[in-house]
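The file protein_14.cif comes next; it holds mmCIF, C-alpha atoms and all ligand atoms.
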data_work
loop_
_atom_site.label_atom_id
_atom_site.label_comp_id
_atom_site.auth_asym_id
_atom_site.auth_seq_id
_atom_site.Cartn_x
_atom_site.Cartn_y
_atom_site.Cartn_z
CA MET M 1 229.44 146.82 138.84
CA THR M 2 227.68 143.95 137.06
CA VAL M 3 225.40 141.64 138.99
CA GLN M 4 227.70 138.72 138.15
CA GLU M 5 230.76 140.55 139.54
CA THR M 6 228.82 141.37 142.72
CA LEU M 7 227.85 137.72 143.08
CA ARG M 8 231.48 136.69 142.52
CA GLN M 9 232.61 138.98 145.34
CA LEU M 10 229.87 137.77 147.71
CA VAL M 11 230.58 134.08 147.05
CA ALA M 12 234.30 134.75 147.72
CA ILE M 13 233.46 135.73 151.31
CA ASP M 14 233.02 132.59 153.39
CA SER M 15 229.85 133.15 155.41
CA VAL M 16 228.94 129.67 156.65
CA SER M 17 226.58 130.09 159.62
CA SER M 18 229.12 128.80 162.17
CA ARG M 19 231.48 131.74 161.37
CA SER M 20 231.03 135.42 162.15
CA ASN M 21 229.30 137.23 159.27
CA ALA M 22 231.19 140.48 160.07
CA GLU M 23 233.17 140.36 156.81
CA ILE M 24 230.19 140.03 154.48
CA ILE M 25 228.31 142.66 156.51
CA SER M 26 231.24 145.11 156.10
CA TYR M 27 231.12 144.51 152.36
CA LEU M 28 227.34 145.04 152.18
CA ALA M 29 227.52 148.13 154.43
CA ALA M 30 230.18 149.67 152.16
CA ARG M 31 228.10 148.99 149.05
CA CYS M 32 224.99 150.52 150.63
CA GLU M 33 226.87 153.54 152.04
CA ALA M 34 228.37 154.20 148.60
CA ARG M 35 224.77 154.60 147.37
CA GLY M 36 224.00 157.05 150.18
CA LEU M 37 221.88 154.67 152.27
CA ASN M 38 221.84 155.04 156.04
CA VAL M 39 223.30 151.89 157.49
CA LYS M 40 222.47 150.50 160.91
CA ARG M 41 224.11 147.43 162.41
CA PHE M 42 222.38 145.18 164.95
CA PRO M 43 225.15 142.99 166.41
CA TYR M 44 224.71 140.11 168.83
CA ILE M 45 226.74 137.23 170.20
CA ASP M 46 225.45 133.78 169.26
CA ASP M 47 225.30 130.84 171.66
CA LYS M 48 228.83 129.75 170.65
CA GLY M 49 230.22 133.19 171.53
CA VAL M 50 230.57 134.28 167.87
CA GLU M 51 229.66 137.81 166.81
CA LYS M 52 226.77 137.99 164.32
CA ILE M 53 225.37 141.14 162.75
CA ASN M 54 222.05 142.07 161.15
CA LEU M 55 222.23 145.11 158.90
CA VAL M 56 219.47 147.46 157.84
CA ALA M 57 220.29 150.02 155.14
CA GLN M 58 217.60 152.53 154.27
CA THR M 59 217.06 155.58 152.13
CA SER M 60 217.35 158.92 153.91
CA VAL M 61 214.33 159.89 155.90
CA SER M 62 213.83 162.51 158.58
CA HIS M 63 212.21 160.18 161.13
CA PRO M 64 214.74 157.88 162.85
CA ASN M 65 212.40 154.88 162.87
CA PRO M 66 210.12 155.27 159.91
CA ALA M 67 207.69 152.75 158.56
CA LEU M 68 209.27 151.51 155.36
CA ASP M 69 207.27 150.95 152.27
CA LEU M 70 209.43 148.18 150.89
CA ALA M 71 212.13 146.00 152.46
CA LEU M 72 214.31 143.63 150.44
CA VAL M 73 215.59 140.99 152.84
CA GLY M 74 218.41 138.54 152.26
CA HIS M 75 220.26 136.24 154.63
CA THR M 76 224.04 136.54 154.63
CA ASP M 77 224.86 133.05 155.93
CA THR M 78 225.18 129.84 153.95
CA VAL M 79 225.15 126.17 154.82
CA PRO M 80 228.60 124.53 155.13
CA TYR M 81 230.38 123.15 152.07
CA ASP M 82 232.25 119.92 151.45
CA PRO M 83 236.05 120.48 151.67
CA ASP M 84 236.34 118.49 148.41
CA TRP M 85 234.38 121.23 146.63
CA THR M 86 237.53 123.29 146.02
CA ASP M 87 235.70 125.97 144.00
CA ALA M 88 233.00 126.53 146.62
CA LEU M 89 234.13 130.14 147.14
CA LYS M 90 235.05 130.79 143.51
CA LEU M 91 232.10 131.69 141.29
CA THR M 92 232.34 129.47 138.21
CA GLU M 93 230.31 129.87 135.03
CA ARG M 94 229.23 126.91 132.90
CA ASP M 95 226.33 126.53 130.45
CA GLY M 96 224.65 129.75 131.56
CA LYS M 97 224.83 128.74 135.22
CA LEU M 98 226.86 130.31 138.02
CA PHE M 99 228.19 127.82 140.58
CA GLY M 100 229.42 128.47 144.14
CA ARG M 101 228.35 128.06 147.77
CA GLY M 102 225.52 130.51 148.34
CA ALA M 103 225.30 131.32 144.60
CA CYS M 104 221.72 130.06 144.74
CA ASP M 105 220.86 130.40 148.44
CA THR M 106 220.84 133.36 148.78
CA LYS M 107 223.66 135.52 147.50
CA ALA M 108 222.08 135.67 144.04
CA PHE M 109 219.13 137.59 145.45
CA ILE M 110 221.43 139.89 147.45
CA SER M 111 223.50 140.62 144.30
CA ALA M 112 220.31 141.40 142.40
CA ALA M 113 219.12 143.75 145.18
CA LEU M 114 222.48 145.59 145.27
CA THR M 115 222.44 145.93 141.49
CA ALA M 116 218.83 147.13 141.50
CA ILE M 117 219.59 149.99 143.91
CA GLU M 118 222.53 151.07 141.74
CA ASN M 119 220.16 151.62 138.82
CA ILE M 120 217.73 153.80 140.78
CA ASP M 121 217.77 157.51 141.41
CA PHE M 122 216.82 157.72 145.09
CA ALA M 123 216.01 161.42 144.78
CA ARG M 124 212.93 160.40 142.79
CA LEU M 125 211.68 158.00 145.47
CA LYS M 126 208.98 159.46 147.70
CA LYS M 127 208.68 156.51 150.07
CA PRO M 128 211.35 154.80 152.17
CA LEU M 129 213.13 151.66 150.96
CA ALA M 130 215.38 149.35 152.98
CA LEU M 131 217.70 146.49 152.34
CA ALA M 132 217.93 144.16 155.35
CA PHE M 133 220.69 141.57 155.61
CA THR M 134 220.33 138.95 158.29
CA ALA M 135 222.50 136.40 160.10
CA ASP M 136 221.87 132.78 161.06
CA GLU M 137 218.95 132.04 158.73
CA GLU M 138 220.21 128.55 157.96
CA ILE M 139 220.24 127.56 161.62
CA GLY M 140 216.73 128.68 162.53
CA CYS M 141 216.12 132.20 161.13
CA LEU M 142 217.71 133.52 164.33
CA GLY M 143 218.86 136.89 162.96
CA ALA M 144 215.45 137.78 161.53
CA LYS M 145 213.77 136.75 164.79
CA ARG M 146 216.04 139.22 166.60
CA LEU M 147 215.13 141.99 164.17
CA ALA M 148 211.47 141.22 164.82
CA ASP M 149 211.88 141.02 168.61
CA GLY M 150 213.79 144.32 168.63
CA ARG M 151 211.14 145.99 166.41
CA SER M 152 214.15 147.22 164.42
CA PHE M 153 211.92 148.55 161.67
CA THR M 154 208.43 148.18 160.35
CA ALA M 155 207.60 147.69 156.71
CA ARG M 156 204.50 147.64 154.61
CA TYR M 157 205.86 145.14 152.11
CA ALA M 158 208.82 142.76 152.28
CA ILE M 159 210.41 140.59 149.62
CA LEU M 160 212.43 137.78 151.17
CA GLY M 161 215.19 136.41 149.01
CA GLU M 162 215.11 132.64 148.72
CA PRO M 163 215.48 130.45 145.65
CA THR M 164 211.99 130.09 144.19
CA SER M 165 212.96 130.10 140.48
CA LEU M 166 211.43 133.60 140.37
CA GLN M 167 207.96 132.45 141.38
CA PRO M 168 206.40 134.64 144.08
CA MET M 169 205.53 132.52 147.12
CA ARG M 170 202.85 134.01 149.35
CA ALA M 171 202.48 131.35 152.02
CA GLY M 172 204.53 128.77 153.85
CA LYS M 173 203.99 126.07 156.43
CA GLY M 174 205.33 126.47 159.94
CA TYR M 175 208.13 124.34 161.34
CA CYS M 176 208.09 122.91 164.86
CA LEU M 177 210.12 120.39 166.79
CA ALA M 178 209.72 118.67 170.14
CA GLU M 179 211.85 116.15 172.01
CA ILE M 180 209.72 113.59 173.83
CA THR M 181 211.12 111.41 176.59
CA VAL M 182 209.08 108.49 177.90
CA ARG M 183 210.26 106.85 181.12
CA GLY M 184 209.87 103.30 182.36
CA ARG M 185 211.49 101.14 185.05
CA GLU M 186 214.49 98.97 184.25
CA ALA M 187 214.38 95.28 185.27
CA HIS M 188 215.63 91.88 184.14
CA SER M 189 213.65 91.03 181.00
CA ALA M 190 212.83 87.56 182.43
CA TYR M 191 210.63 89.33 185.02
CA PRO M 192 208.64 91.98 183.14
CA GLN M 193 206.17 92.27 186.01
CA ILE M 194 208.75 94.09 188.16
CA GLY M 195 209.67 96.66 185.49
CA ALA M 196 207.88 98.91 183.02
CA SER M 197 209.05 99.20 179.44
CA ALA M 198 209.61 102.78 178.25
CA ILE M 199 209.70 101.43 174.67
CA PHE M 200 206.24 99.83 174.91
CA ARG M 201 204.95 103.08 176.40
CA ALA M 202 206.57 105.18 173.67
CA ALA M 203 205.09 102.85 171.05
CA ARG M 204 201.61 103.49 172.46
CA LEU M 205 202.19 107.23 172.33
CA ILE M 206 203.56 107.06 168.78
CA GLU M 207 200.50 105.10 167.69
CA ARG M 208 198.39 107.95 169.09
CA ILE M 209 200.58 110.45 167.22
CA GLU M 210 199.91 108.54 163.99
CA GLN M 211 196.17 108.86 164.69
CA ILE M 212 196.63 112.61 165.26
CA ALA M 213 198.40 112.80 161.88
CA GLU M 214 195.31 111.22 160.28
CA GLN M 215 192.99 113.58 162.15
CA LEU M 216 195.01 116.62 160.93
CA LYS M 217 194.22 115.70 157.32
CA ALA M 218 190.67 116.99 157.84
CA ASP M 219 191.86 120.61 158.04
CA GLN M 220 193.03 121.53 154.53
CA ARG M 221 194.53 124.52 152.70
CA ALA M 222 194.32 123.78 149.00
CA ALA M 223 197.38 125.92 148.15
CA PHE M 224 199.75 123.43 149.82
CA ASP M 225 201.19 120.09 148.85
CA PRO M 226 200.14 118.13 150.84
CA PRO M 227 197.28 120.45 151.86
CA TYR M 228 197.35 119.64 155.59
CA THR M 229 199.68 119.71 158.62
CA THR M 230 202.15 116.84 158.51
CA LEU M 231 203.87 115.06 161.42
CA ASN M 232 207.05 113.04 161.49
CA VAL M 233 208.81 110.98 164.15
CA GLY M 234 212.25 111.10 162.55
CA LEU M 235 214.46 109.84 165.35
CA ILE M 236 213.96 107.35 168.15
CA GLN M 237 216.31 105.93 170.71
CA GLY M 238 215.67 103.78 173.73
CA GLY M 239 216.77 100.92 175.94
CA SER M 240 220.25 99.78 176.92
CA ALA M 241 220.42 96.01 176.23
CA LYS M 242 218.35 93.19 174.74
CA ASN M 243 217.67 91.62 178.13
CA ILE M 244 216.89 94.78 180.07
CA ILE M 245 213.43 96.26 180.20
CA ALA M 246 213.93 99.72 178.76
CA GLY M 247 214.08 102.50 181.32
CA GLU M 248 213.89 105.34 178.82
CA CYS M 249 212.85 106.01 175.22
CA ARG M 250 213.32 109.34 173.45
CA PHE M 251 212.05 110.47 170.11
CA THR M 252 211.95 113.60 167.99
CA LEU M 253 208.63 114.84 166.69
CA GLU M 254 208.54 117.33 163.83
CA TRP M 255 205.46 119.01 162.41
CA ARG M 256 204.79 121.48 159.62
CA ALA M 257 201.63 123.43 160.31
CA ILE M 258 199.42 124.97 157.65
CA PRO M 259 198.60 128.70 158.01
CA GLY M 260 195.74 129.39 160.37
CA GLN M 261 196.85 126.69 162.80
CA LYS M 262 198.85 127.95 165.76
CA SER M 263 202.23 126.28 166.25
CA ASP M 264 201.05 124.91 169.62
CA TYR M 265 197.86 123.35 168.23
CA VAL M 266 199.61 120.03 167.56
CA LEU M 267 201.36 120.25 170.92
CA ASP M 268 197.95 120.53 172.61
CA LEU M 269 196.74 117.39 170.79
CA ILE M 270 199.86 115.48 171.86
CA ASN M 271 199.40 116.61 175.46
CA GLN M 272 195.80 115.43 175.36
CA ALA M 273 196.99 112.00 174.10
CA ILE M 274 199.48 111.84 176.97
CA ARG M 275 196.74 112.62 179.50
CA ASP M 276 194.64 109.78 178.03
CA LEU M 277 197.58 107.37 178.34
CA GLU M 278 198.15 108.51 181.93
CA LYS M 279 194.56 107.57 182.73
CA GLN M 280 195.12 104.05 181.39
CA ASP M 281 198.53 103.63 183.06
CA MET M 282 198.91 105.52 186.36
CA ASP M 283 202.66 105.05 186.10
CA PHE M 284 203.01 106.64 182.64
CA VAL M 285 205.75 109.29 182.76
CA CYS M 286 206.54 111.47 179.77
CA GLU M 287 208.23 114.83 179.21
CA ILE M 288 207.87 117.06 176.18
CA LYS M 289 210.44 119.71 175.37
CA ALA M 290 209.31 121.94 172.51
CA SER M 291 212.55 123.10 170.89
CA ARG M 292 211.33 125.04 167.89
CA ALA M 293 208.07 126.75 166.97
CA ASP M 294 208.29 128.72 163.71
CA ASP M 295 204.90 129.99 162.67
CA SER M 296 203.44 129.49 159.23
CA PHE M 297 202.77 132.58 157.13
CA GLU M 298 200.26 133.65 154.57
CA THR M 299 199.92 136.87 152.64
CA ARG M 300 196.55 137.52 151.03
CA ALA M 301 196.27 136.65 147.34
CA ASP M 302 194.89 140.13 146.69
CA SER M 303 197.87 141.90 148.32
CA GLU M 304 199.27 144.53 145.97
CA LEU M 305 202.73 142.99 146.28
CA VAL M 306 201.44 139.53 145.31
CA GLN M 307 199.52 140.94 142.37
CA PHE M 308 202.45 143.06 141.22
CA LEU M 309 204.90 140.12 141.32
CA GLU M 310 202.45 137.73 139.65
CA GLU M 311 202.03 140.22 136.81
CA THR M 312 205.71 141.10 136.48
CA CYS M 313 206.88 137.47 136.64
CA GLY M 314 204.00 136.19 134.53
CA ARG M 315 203.38 133.38 137.02
CA PRO M 316 200.75 132.70 139.68
CA SER M 317 201.92 132.82 143.28
CA GLY M 318 202.67 129.58 145.09
CA THR M 319 203.60 128.24 148.50
CA VAL M 320 206.81 126.94 150.05
CA ALA M 321 207.35 123.91 152.23
CA PHE M 322 210.67 125.09 153.70
CA GLY M 323 211.16 127.48 156.61
CA THR M 324 211.79 131.16 155.84
CA GLU M 325 212.17 134.50 157.57
CA ALA M 326 208.74 135.59 156.33
CA PRO M 327 206.97 135.11 159.71
CA SER M 328 209.44 137.58 161.29
CA MET M 329 208.71 140.17 158.59
CA ILE M 330 204.98 139.66 159.11
CA GLU M 331 205.58 140.30 162.82
CA LEU M 332 207.14 143.60 161.72
CA GLY M 333 203.89 144.46 160.02
CA ALA M 334 204.80 143.52 156.46
CA GLU M 335 202.92 141.75 153.73
CA ALA M 336 205.69 139.29 152.92
CA ILE M 337 206.59 137.35 149.80
CA VAL M 338 209.36 134.81 149.36
CA PHE M 339 211.00 135.26 145.99
CA GLY M 340 214.34 134.91 144.26
CA PRO M 341 216.44 133.38 141.50
CA GLY M 342 217.67 129.77 141.62
CA ASP M 343 215.95 126.53 142.52
CA ILE M 344 215.64 125.41 146.17
CA ARG M 345 216.21 121.82 145.01
CA VAL M 346 219.83 122.61 144.08
CA ALA M 347 220.45 124.73 147.20
CA HIS M 348 222.32 123.17 150.13
CA ARG M 349 224.25 120.77 147.93
CA THR M 350 227.69 120.63 146.36
CA GLY M 351 227.55 122.42 143.03
CA GLU M 352 224.60 124.70 143.87
CA PHE M 353 224.08 127.24 141.10
CA VAL M 354 221.90 130.07 139.87
CA PRO M 355 220.91 130.35 136.19
CA PHE M 356 222.40 133.55 134.79
CA ASP M 357 219.18 134.61 133.04
CA GLN M 358 217.19 134.31 136.29
CA LEU M 359 219.79 136.44 138.07
CA ASN M 360 219.42 139.18 135.44
CA ASN M 361 215.64 138.94 135.49
CA CYS M 362 215.68 139.31 139.25
CA VAL M 363 217.53 142.65 138.93
CA ARG M 364 214.84 143.88 136.56
CA ILE M 365 211.96 142.68 138.74
CA LEU M 366 213.41 144.17 141.95
CA SER M 367 214.07 147.49 140.15
CA ASN M 368 210.46 147.52 139.00
CA ALA M 369 209.26 146.68 142.51
CA ILE M 370 211.21 149.59 143.99
CA GLU M 371 209.78 151.97 141.33
CA ARG M 372 206.27 150.64 141.96
CA PHE M 373 206.24 150.68 145.77
CA CYS M 374 208.56 153.58 146.62
CA SER M 375 207.74 156.21 143.96
ZN ZN I 1 218.08 130.55 152.08
#

Here is the file; what I need is its structure written in the form of structure tokens.
Amino acid sequence: MTVQETLRQLVAIDSVSSRSNAEIISYLAARCEARGLNVKRFPYIDDKGVEKINLVAQTSVSHPNPALDLALVGHTDTVPYDPDWTDALKLTERDGKLFGRGACDTKAFISAALTAIENIDFARLKKPLALAFTADEEIGCLGAKRLADGRSFTARYAILGEPTSLQPMRAGKGYCLAEITVRGREAHSAYPQIGASAIFRAARLIERIEQIAEQLKADQRAAFDPPYTTLNVGLIQGGSAKNIIAGECRFTLEWRAIPGQKSDYVLDLINQAIRDLEKQDMDFVCEIKASRADDSFETRADSELVQFLEETCGRPSGTVAFGTEAPSMIELGAEAIVFGPGDIRVAHRTGEFVPFDQLNNCVRILSNAIERFCS
């Protein structure tokens, strides 16, 4: 089957994260079984009660839980699509580009991986290879985290399919979120002395957070743009009326940590700022709920996988600013690289596409990678 036909069939299966991915997993399992791979499903029920499945398909090996030499990892879910995009599930070709939901992120990579294994004689491979297909990447890399928590396999090298325009990406910033609630005391605004404004208090804390953002600029990793950990207060809500002293103010803090900085490093700085504010205002009440803490990742520039992909693609490795499943693969012992056809800047939008030549090149590069790391 051609890589384009495989992509057409994958795009035709609706696998938006909110739905069960059982259908696309059945398709992928059948394709892998037809090539003689051993297929193992790792099902779970998500927090909405929907069945999700991770799938690991590996070449025959005597040991039931072998260390793999190479894992090709692709997420099966996509972001939702606009109902007005009537061809979202119908792969459409125009000007050398293939359009469809997931065509870029990340069914193109999966099609390339399936095509690559069809061109390879497994009998010649001396080292184990696996294809891993995950669920719920788009809503927090939840499937990959489960594979990591369950120690479902270990791998020496992992290539994670994401649209990078075929540039190998060896490092990525972390992604963390916290909800911060500052409390005050409501009162008539004509008598501020009997209340305490949660908004004034939150403003003081946010000013401190802005200072922390400045302080974080001192710790730099040149490979990133910008080269330091960034902070953002993206949402804020507080108060109930113009003439009431605000009793509560909530805001969302997001930070993207450079490799080498633990995900709770920023949280510790924020907590220190809160303790300082408590010293100045005995009444200061504030709660922090950390809701997400995805670690950064970094694979050494001299890793054989990095060097191989740099040579084969003819491009130096780079870094990504978006969240990926790479930290989970690193937890499983792998040297991980994010790599795939298509441009992340067209992913997640109506009319996402993958250039046909990149899709074909990806098949070639993945075939070479399998030959190189599994022979
Ligand atoms: Zn993706």

### Query
Got a sec: who's within 10 Å of Arg94 in chain M, counting all atoms listed in the file, leaving out chain neighbours fewer than 5 positions off, as an MDAnalysis selection string?
chainID M and resid 99 353 355:356

### Message
Nearest residue to Thr86 in chain M out of M:Gly100, M:Pro341, M:Gly314, M:Pro128, using all atoms listed in the file?
### Response
M:Gly100

Under the rule of at most 7 Å, produce a per-residue listing of chain M near ligand ZN 1 (chain I): chain, number, name, the closest pair of atoms, and the distance in Å, as JSON lines, using only C-alpha atoms and all ligand atoms.
{"residue": "M:His75", "atom": "CA", "partner": "I:ZN1", "partner_atom": "ZN", "distance": 6.6}
{"residue": "M:Asp105", "atom": "CA", "partner": "I:ZN1", "partner_atom": "ZN", "distance": 4.6}
{"residue": "M:Thr106", "atom": "CA", "partner": "I:ZN1", "partner_atom": "ZN", "distance": 5.1}
{"residue": "M:Glu137", "atom": "CA", "partner": "I:ZN1", "partner_atom": "ZN", "distance": 6.9}
{"residue": "M:Glu138", "atom": "CA", "partner": "I:ZN1", "partner_atom": "ZN", "distance": 6.6}
{"residue": "M:Glu162", "atom": "CA", "partner": "I:ZN1", "partner_atom": "ZN", "distance": 4.9}
{"residue": "M:Pro163", "atom": "CA", "partner": "I:ZN1", "partner_atom": "ZN", "distance": 6.9}

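For the choices M:Gly143, M:Pro259, M:Gly49, M:Pro316, the atom-to-atom distance to Val73 in chain M is smallest for M:Gly143 when using all atoms listed in the file.
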
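With only C-alpha atoms as the basis for measurement, M:Leu114 is the residue among M:Leu114, M:Gly102, M:Pro80, M:Leu91 that approaches Ala29 in chain M most closely.
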
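Around the coordinate (225.4, 135.5, 147.9), residues that reach within 7 Å when counting only C-alpha atoms are Leu7, Leu10, Val11, Thr76, Gly102, Ala103, Asp105, Thr106, Lys107, Ala108, Ile110 and Ser111 of chain M.
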
Counting only C-alpha atoms, which residues of range 208-286 of chain M fall within 6 Å of range 191-199 of chain M, and what is the closest atom pair for each with its distance in Å at one decimal, ordered by chain and rising number, as CSV?
residue,atom,partner,partner_atom,distance
M:Ile245,CA,M:Ser197,CA,5.3
M:Ala246,CA,M:Ser197,CA,5.0
M:Gly247,CA,M:Ala198,CA,5.4
M:Glu248,CA,M:Ala198,CA,5.0
M:Cys249,CA,M:Ala198,CA,5.5
